[in-house]
Amino acid sequence: MGGFLPNPIPHTLNPQIPPMTPDASAMAGFGGPPDFSLMQVALYGFLFMIGILMFLTFLAVLSLPVFFGALSLMNLGLKGTNNLPDPVGKWSKLAGLVFRSLRRNLLRTALTYIALFVLTGMLTFIYGIVTFLGDFTAEKEGQQMVLLTEKFSIPSQMPPGYARQLKDIIRDKLPKQYQPADIDQSFMTWSFVGATLDPTKFSPENNFFLFALDPDVIPSGMMSEQGLNKEDLGEESWDDLLTLVDVVKQDIRYIIIGEDKLKVMNKRVGDEIKFTSTNYKDLEFECKIVGSFPAGSRLGNGAAMQYRYLIAKLDDYLVRKREPHPNADRCLNLVWVRMPSKEAFERLSAVVNQAESFSAPAAKMETFSAAVGSFLEPYKDIFWGMKFIIMPAIVCIMCLVIGITITIGVRERRSEMAVLKVLGFQPRQVQAMVVSESVLIGVYGGMLATWSVYFLPLVITKLTKAVGVKFAFFDSFKMSEWILLYGPLLGIAVGLIGSFLPSRSASKVKVSEVFAQVA
Amino acid sequence: MAIVEVRDLCKTFNPESPEPIRVLVDLNLDVEEGEFVALMGPSGSGKTTLLNLIAGLDATTSGRIRIGDQVISDMSESQLARWRTRNVGFVFQFYNLLPVLTAYENVELPLLLLPMSKDERRKQVNNAMEIVGLADRMDHRPGMLSGGQCQRVGIARAIVTDPTIVVCDEPTGALDSKSADNALNLLNLLRSELGKTIIMVTHDPTAAGRAQRIVHLEKGRVVDDVADSPVRLEPAVV
């Protein structure tokens, strides 16, 4: 092999927000993400939830000092206001009763808090997943990435000419205002190449997956969704990446492999490798690794090669075998276009759907969101169940937990409730005290749980990165800031609902009956 | 005019059931201001029920109860609650102090429901605690006090609002004899020094003997009413 640079530039990128997967359905069968069955997804989901549950319990126990500390601080604050002029001083004394009641049975209060913390955490987590996927798959306005894929076949395999035809359609048939400002900077093709270092031995050490693409799509920002952008990488790493792209462009045999994969393959930047394609029969490639994608990122286990090299190998096959490669006319898997608006996409989609040139095989245009939605379509029942069965069930369980705790507390303190009534407390005042206890636990449980869960994805990503494990989508998972508000609100609601019956029971305590039983 | 006037009082539990329990039957009773009355009788005679009705803790089936110038038998539950705060002090057999509050806070509790300034509350609580001889135990919680001391805190709580009547349900039932003597002396002191009207339910003839008047109940009726009972103030230190 000649023509390699004497000192290839090692490259490490550290994107903060690694990207989403591309149209994963189209990658299936090429060494891309495995095609899980529904049962497998359910099983993995269940195991994942068990793990989250255990982690949340651990967090809840860890946060107990914070919970009791916060209660004590509030109590201290109330004590501080005891000496203020009435009615502040008077009401702070009555409110102090609530705090003291919570501290009366520390174990029960702690267990209730832990249960609420875990349940709120689970609820928030599920809510986060559902809303995240909902937002991700929702159609968006403004500039958007759209995809051309084969309509009726998974994986999508289209003739390479489709890319040129699509470009021509955009240039010639779309009004100027619906065209990207610079079509060459807004256009990207992907071909998926499954590869193995040893065709006789398929193993993680030998197998890897490559995107065959034009290296110029990286500086144009078309790989931004995959985390290759200045914002995520930082200026310095971005500059390194551009330098790496320049290096790759010098020889069609230069490739970039993710650091995670390099470790598994026991290879390093600078190594020359020879690999056989698993989806392009009889094609062998000789390459040099000139850089790496960062560990833990979406591309950490992937690789990128030049599309031109794939085409060159297909041409070489034609020369050698005197017939086209069986996949020569099916080597284009995806075409990405960055369209200026939703309307522009709809125009383009209408043209593509009507164009005869995209009829054999039939192709379709869809937004990235819709493509992800299509990928998630088989799992929609699971998400429906999470949203409309598990989430309400968790809320009900939370109400039950708090209701049972407060009921036990009220039963234990029936004589105290009766004494309060003897002293002149109105039933509604007794009820308010019981409700306040419940709401306090709910608010703290809800607040601390949601705040913890808000940062949970970050922690898990860091932890999994540290041990070299990666979950699809998870590294892009980010909760809405609104959950920081929803948590305490949920706690208040659960506290109110859960304490409704016991507080009514407390307010209706019949003094004469209570003392008759005591005596 | 009697400060407590009970007329034709009936109390029936489960009146709608096939076997209603008639606890009080056409009962009449007058208690003068500053009087110390003991209600005695066998179990089920209706003495505690009568006490609860006088204290406004339960509703009558029929009849009329007037305390001072207010007819409490016509009041709603919330009206009774408001009335109790000002007009009734209740002393329980088992003290029923709130364990999470100090002695001072327990005594102050009923005052929080009244339109009183902080200084007035403090003065009232201090007075009550001094009367019961526990001014030095203000910051102690019930768990740190003896039974007798708890009962004295309970008495302080009962008198802190300067109520019209003090009702006591077996106030010595959970105390040893010395503490019981102290408690009874204290009740007598409240009557003699502060002019409080005290109605006490008891099974204990000794305790009843410390009252001015003993009313015997049987099957929901007054069967004996011994007035001018010689009041004995035991020499025990209060």
# chains A, B, ... in the order shown; residues from 1 in each chain; ligands from 1
>>> interface_residues(of="chain B", to="chain A", cutoff="8 Å", atoms="only C-alpha atoms", output="PyMOL selection string")
chain B and resi 49+52+57-58+78+80-85+89-90+93+96-98+100-101+109-110+112-113+117-118
>>> residues_around(residues="range 298-312 of chain A", least_positions_apart="6", cutoff="6 Å", atoms="only C-alpha atoms", output="list in words")
Pro18, Pro19, Phe209, Leu210, Phe211, Ala212, Leu213, Asp214, Ile252, Ile255, Ile256, Ile257, Gly258, Glu259, Asp260 and Lys261 of chain A
>>> write_last_selection(atoms="C-alpha atoms", output="PDB file, in the first residue's frame")
ATOM      1  CA  PRO A  18     -23.428  12.486  21.027  1.00  0.00           C
ATOM      2  CA  PRO A  19     -25.847  12.032  18.146  1.00  0.00           C
ATOM      3  CA  PHE A 209     -19.436  -1.229  10.378  1.00  0.00           C
ATOM      4  CA  LEU A 210     -18.571   1.662   8.072  1.00  0.00           C
ATOM      5  CA  PHE A 211     -20.415   4.632   6.678  1.00  0.00           C
ATOM      6  CA  ALA A 212     -19.233   5.154   3.116  1.00  0.00           C
ATOM      7  CA  LEU A 213     -19.624   8.866   2.435  1.00  0.00           C
ATOM      8  CA  ASP A 214     -18.060  11.956   0.944  1.00  0.00           C
ATOM      9  CA  ILE A 252      -9.513   7.208  -0.847  1.00  0.00           C
ATOM     10  CA  ILE A 255     -10.536   5.599   7.061  1.00  0.00           C
ATOM     11  CA  ILE A 256     -11.617   6.723  10.529  1.00  0.00           C
ATOM     12  CA  ILE A 257     -12.654   4.180  13.177  1.00  0.00           C
ATOM     13  CA  GLY A 258     -14.270   4.837  16.545  1.00  0.00           C
ATOM     14  CA  GLU A 259     -12.023   4.531  19.570  1.00  0.00           C
ATOM     15  CA  ASP A 260     -14.290   1.956  21.232  1.00  0.00           C
ATOM     16  CA  LYS A 261     -14.092  -0.246  18.157  1.00  0.00           C
TER      17      LYS A 261
END
>>> residues_around(residues="range 64-67 of chain B", least_positions_apart="2", cutoff="9 Å", atoms="only C-alpha atoms", output="list in words")
Ala2, Ile3, Val4, Glu5, Val6, Arg7, Asp8, Leu9, Cys10, Leu53, Ile54, Thr60, Ser62, Asp69, Gln70, Val71, Ile72, Ser73, Asp74, Asn87, Thr164 and Ile165 of chain B
>>> atom_distance(atom1="CA of Leu489 in chain A", atom2="CA of Val434 in chain A")
18.2 Å
>>> residues_around(residues="Asp225 in chain B", least_positions_apart="3", cutoff="9 Å", atoms="only C-alpha atoms", output="ChimeraX atom specification")
/B:213-217,222
>>> atom_distance(atom1="CA of Met200 in chain B", atom2="CA of Glu130 in chain B")
22.5 Å
>>> residues_around(residues="Gln431 in chain A", least_positions_apart="3", cutoff="9 Å", atoms="only C-alpha atoms", output="JSON, numbers by chain")
{"A": [426, 427, 428, 434, 435, 436, 500, 502, 503, 504, 505, 506, 507, 508]}
>>> residues_around(residues="Thr57 in chain A", least_positions_apart="3", cutoff="7 Å", atoms="only C-alpha atoms", output="ChimeraX atom specification")
/A:53-54,60-61,114,118
>>> residues_around(residues="Pro171 in chain B", least_positions_apart="6", cutoff="9 Å", atoms="only C-alpha atoms", output="PyMOL selection string")
chain B and resi 91-95+151+180+183-184+200-202
>>> write_last_selection(atoms="C-alpha atoms", output="PDB file, in the first residue's frame")
ATOM      1  CA  VAL B  91     -58.870  16.855  82.348  1.00  0.00           C
ATOM      2  CA  PHE B  92     -58.380  13.318  81.028  1.00  0.00           C
ATOM      3  CA  GLN B  93     -57.639  10.112  82.843  1.00  0.00           C
ATOM      4  CA  PHE B  94     -54.555   9.485  80.707  1.00  0.00           C
ATOM      5  CA  TYR B  95     -53.533  13.169  80.517  1.00  0.00           C
ATOM      6  CA  GLN B 151     -51.707  15.249  85.052  1.00  0.00           C
ATOM      7  CA  ALA B 180     -53.909  11.370  93.060  1.00  0.00           C
ATOM      8  CA  ALA B 183     -54.279  16.234  91.749  1.00  0.00           C
ATOM      9  CA  LEU B 184     -57.406  16.328  93.894  1.00  0.00           C
ATOM     10  CA  MET B 200     -65.578  15.087  87.926  1.00  0.00           C
ATOM     11  CA  VAL B 201     -66.421  11.532  86.942  1.00  0.00           C
ATOM     12  CA  THR B 202     -64.878   8.944  89.207  1.00  0.00           C
TER      13      THR B 202
END
>>> atom_distance(atom1="CA of Glu231 in chain A", atom2="CA of Thr131 in chain A")
24.3 Å
>>> select_by_dssp(residues="range 62-202 of chain B", states="strand (DSSP E or B)", output="PDB file with N, CA and C atoms, in the first residue's frame")
ATOM      1  N   SER B  62     -82.214  14.241  73.073  1.00  0.00           N
ATOM      2  CA  SER B  62     -83.248  15.232  73.371  1.00  0.00           C
ATOM      3  C   SER B  62     -82.912  15.878  74.703  1.00  0.00           C
ATOM      4  N   GLY B  63     -83.625  16.937  75.019  1.00  0.00           N
ATOM      5  CA  GLY B  63     -83.338  17.630  76.263  1.00  0.00           C
ATOM      6  C   GLY B  63     -82.519  18.875  76.013  1.00  0.00           C
ATOM      7  N   ARG B  64     -82.140  19.504  77.095  1.00  0.00           N
ATOM      8  CA  ARG B  64     -81.527  20.824  76.970  1.00  0.00           C
ATOM      9  C   ARG B  64     -80.374  20.935  77.963  1.00  0.00           C
ATOM     10  N   ILE B  65     -79.278  21.495  77.492  1.00  0.00           N
ATOM     11  CA  ILE B  65     -78.131  21.751  78.384  1.00  0.00           C
ATOM     12  C   ILE B  65     -77.764  23.224  78.243  1.00  0.00           C
ATOM     13  N   ARG B  66     -77.746  23.900  79.345  1.00  0.00           N
ATOM     14  CA  ARG B  66     -77.309  25.301  79.335  1.00  0.00           C
ATOM     15  C   ARG B  66     -76.061  25.412  80.217  1.00  0.00           C
ATOM     16  N   ILE B  67     -75.047  26.060  79.666  1.00  0.00           N
ATOM     17  CA  ILE B  67     -73.833  26.334  80.444  1.00  0.00           C
ATOM     18  C   ILE B  67     -73.684  27.852  80.464  1.00  0.00           C
ATOM     19  N   GLN B  70     -75.396  30.095  77.723  1.00  0.00           N
ATOM     20  CA  GLN B  70     -75.447  29.505  76.372  1.00  0.00           C
ATOM     21  C   GLN B  70     -76.077  28.116  76.407  1.00  0.00           C
ATOM     22  N   VAL B  71     -77.014  27.900  75.499  1.00  0.00           N
ATOM     23  CA  VAL B  71     -77.641  26.577  75.389  1.00  0.00           C
ATOM     24  C   VAL B  71     -76.821  25.771  74.387  1.00  0.00           C
ATOM     25  N   VAL B  88     -64.697  25.457  78.338  1.00  0.00           N
ATOM     26  CA  VAL B  88     -64.515  24.161  78.991  1.00  0.00           C
ATOM     27  C   VAL B  88     -63.032  23.817  79.088  1.00  0.00           C
ATOM     28  N   GLY B  89     -62.658  23.390  80.268  1.00  0.00           N
ATOM     29  CA  GLY B  89     -61.336  22.806  80.438  1.00  0.00           C
ATOM     30  C   GLY B  89     -61.537  21.326  80.709  1.00  0.00           C
ATOM     31  N   PHE B  90     -60.790  20.484  80.000  1.00  0.00           N
ATOM     32  CA  PHE B  90     -61.016  19.041  80.119  1.00  0.00           C
ATOM     33  C   PHE B  90     -59.776  18.384  80.704  1.00  0.00           C
ATOM     34  N   VAL B  91     -59.985  17.617  81.762  1.00  0.00           N
ATOM     35  CA  VAL B  91     -58.870  16.855  82.348  1.00  0.00           C
ATOM     36  C   VAL B  91     -59.152  15.383  82.089  1.00  0.00           C
ATOM     37  N   ILE B 165     -66.293  26.073  83.075  1.00  0.00           N
ATOM     38  CA  ILE B 165     -66.298  24.828  83.857  1.00  0.00           C
ATOM     39  C   ILE B 165     -65.066  23.991  83.525  1.00  0.00           C
ATOM     40  N   VAL B 166     -64.682  23.206  84.528  1.00  0.00           N
ATOM     41  CA  VAL B 166     -63.604  22.237  84.301  1.00  0.00           C
ATOM     42  C   VAL B 166     -64.224  20.860  84.469  1.00  0.00           C
ATOM     43  N   VAL B 167     -64.118  20.029  83.419  1.00  0.00           N
ATOM     44  CA  VAL B 167     -64.668  18.674  83.534  1.00  0.00           C
ATOM     45  C   VAL B 167     -63.511  17.685  83.583  1.00  0.00           C
ATOM     46  N   CYS B 168     -63.634  16.718  84.465  1.00  0.00           N
ATOM     47  CA  CYS B 168     -62.539  15.768  84.675  1.00  0.00           C
ATOM     48  C   CYS B 168     -63.101  14.353  84.559  1.00  0.00           C
ATOM     49  N   ASP B 169     -62.474  13.561  83.698  1.00  0.00           N
ATOM     50  CA  ASP B 169     -62.921  12.181  83.530  1.00  0.00           C
ATOM     51  C   ASP B 169     -61.905  11.263  84.196  1.00  0.00           C
ATOM     52  N   THR B 197     -65.805  26.009  88.560  1.00  0.00           N
ATOM     53  CA  THR B 197     -66.819  24.965  88.701  1.00  0.00           C
ATOM     54  C   THR B 197     -66.222  23.684  88.154  1.00  0.00           C
ATOM     55  N   ILE B 198     -66.259  22.633  88.961  1.00  0.00           N
ATOM     56  CA  ILE B 198     -65.595  21.392  88.553  1.00  0.00           C
ATOM     57  C   ILE B 198     -66.595  20.244  88.579  1.00  0.00           C
ATOM     58  N   ILE B 199     -66.635  19.514  87.476  1.00  0.00           N
ATOM     59  CA  ILE B 199     -67.469  18.313  87.422  1.00  0.00           C
ATOM     60  C   ILE B 199     -66.538  17.151  87.133  1.00  0.00           C
ATOM     61  N   MET B 200     -66.554  16.179  88.030  1.00  0.00           N
ATOM     62  CA  MET B 200     -65.578  15.087  87.926  1.00  0.00           C
ATOM     63  C   MET B 200     -66.299  13.733  87.916  1.00  0.00           C
ATOM     64  N   VAL B 201     -65.930  12.913  86.954  1.00  0.00           N
ATOM     65  CA  VAL B 201     -66.421  11.532  86.942  1.00  0.00           C
ATOM     66  C   VAL B 201     -65.392  10.668  87.638  1.00  0.00           C
TER      67      VAL B 201
END
>>> closest_residue(among="B:Leu114, B:Ile159, B:Leu189, B:Val223", to="Arg210 in chain B", atoms="only C-alpha atoms")
B:Leu189
>>> closest_residue(among="A:Gly487, A:Pro65, A:Gly270, A:Pro340", to="Gly142 in chain A", atoms="only C-alpha atoms")
A:Pro340
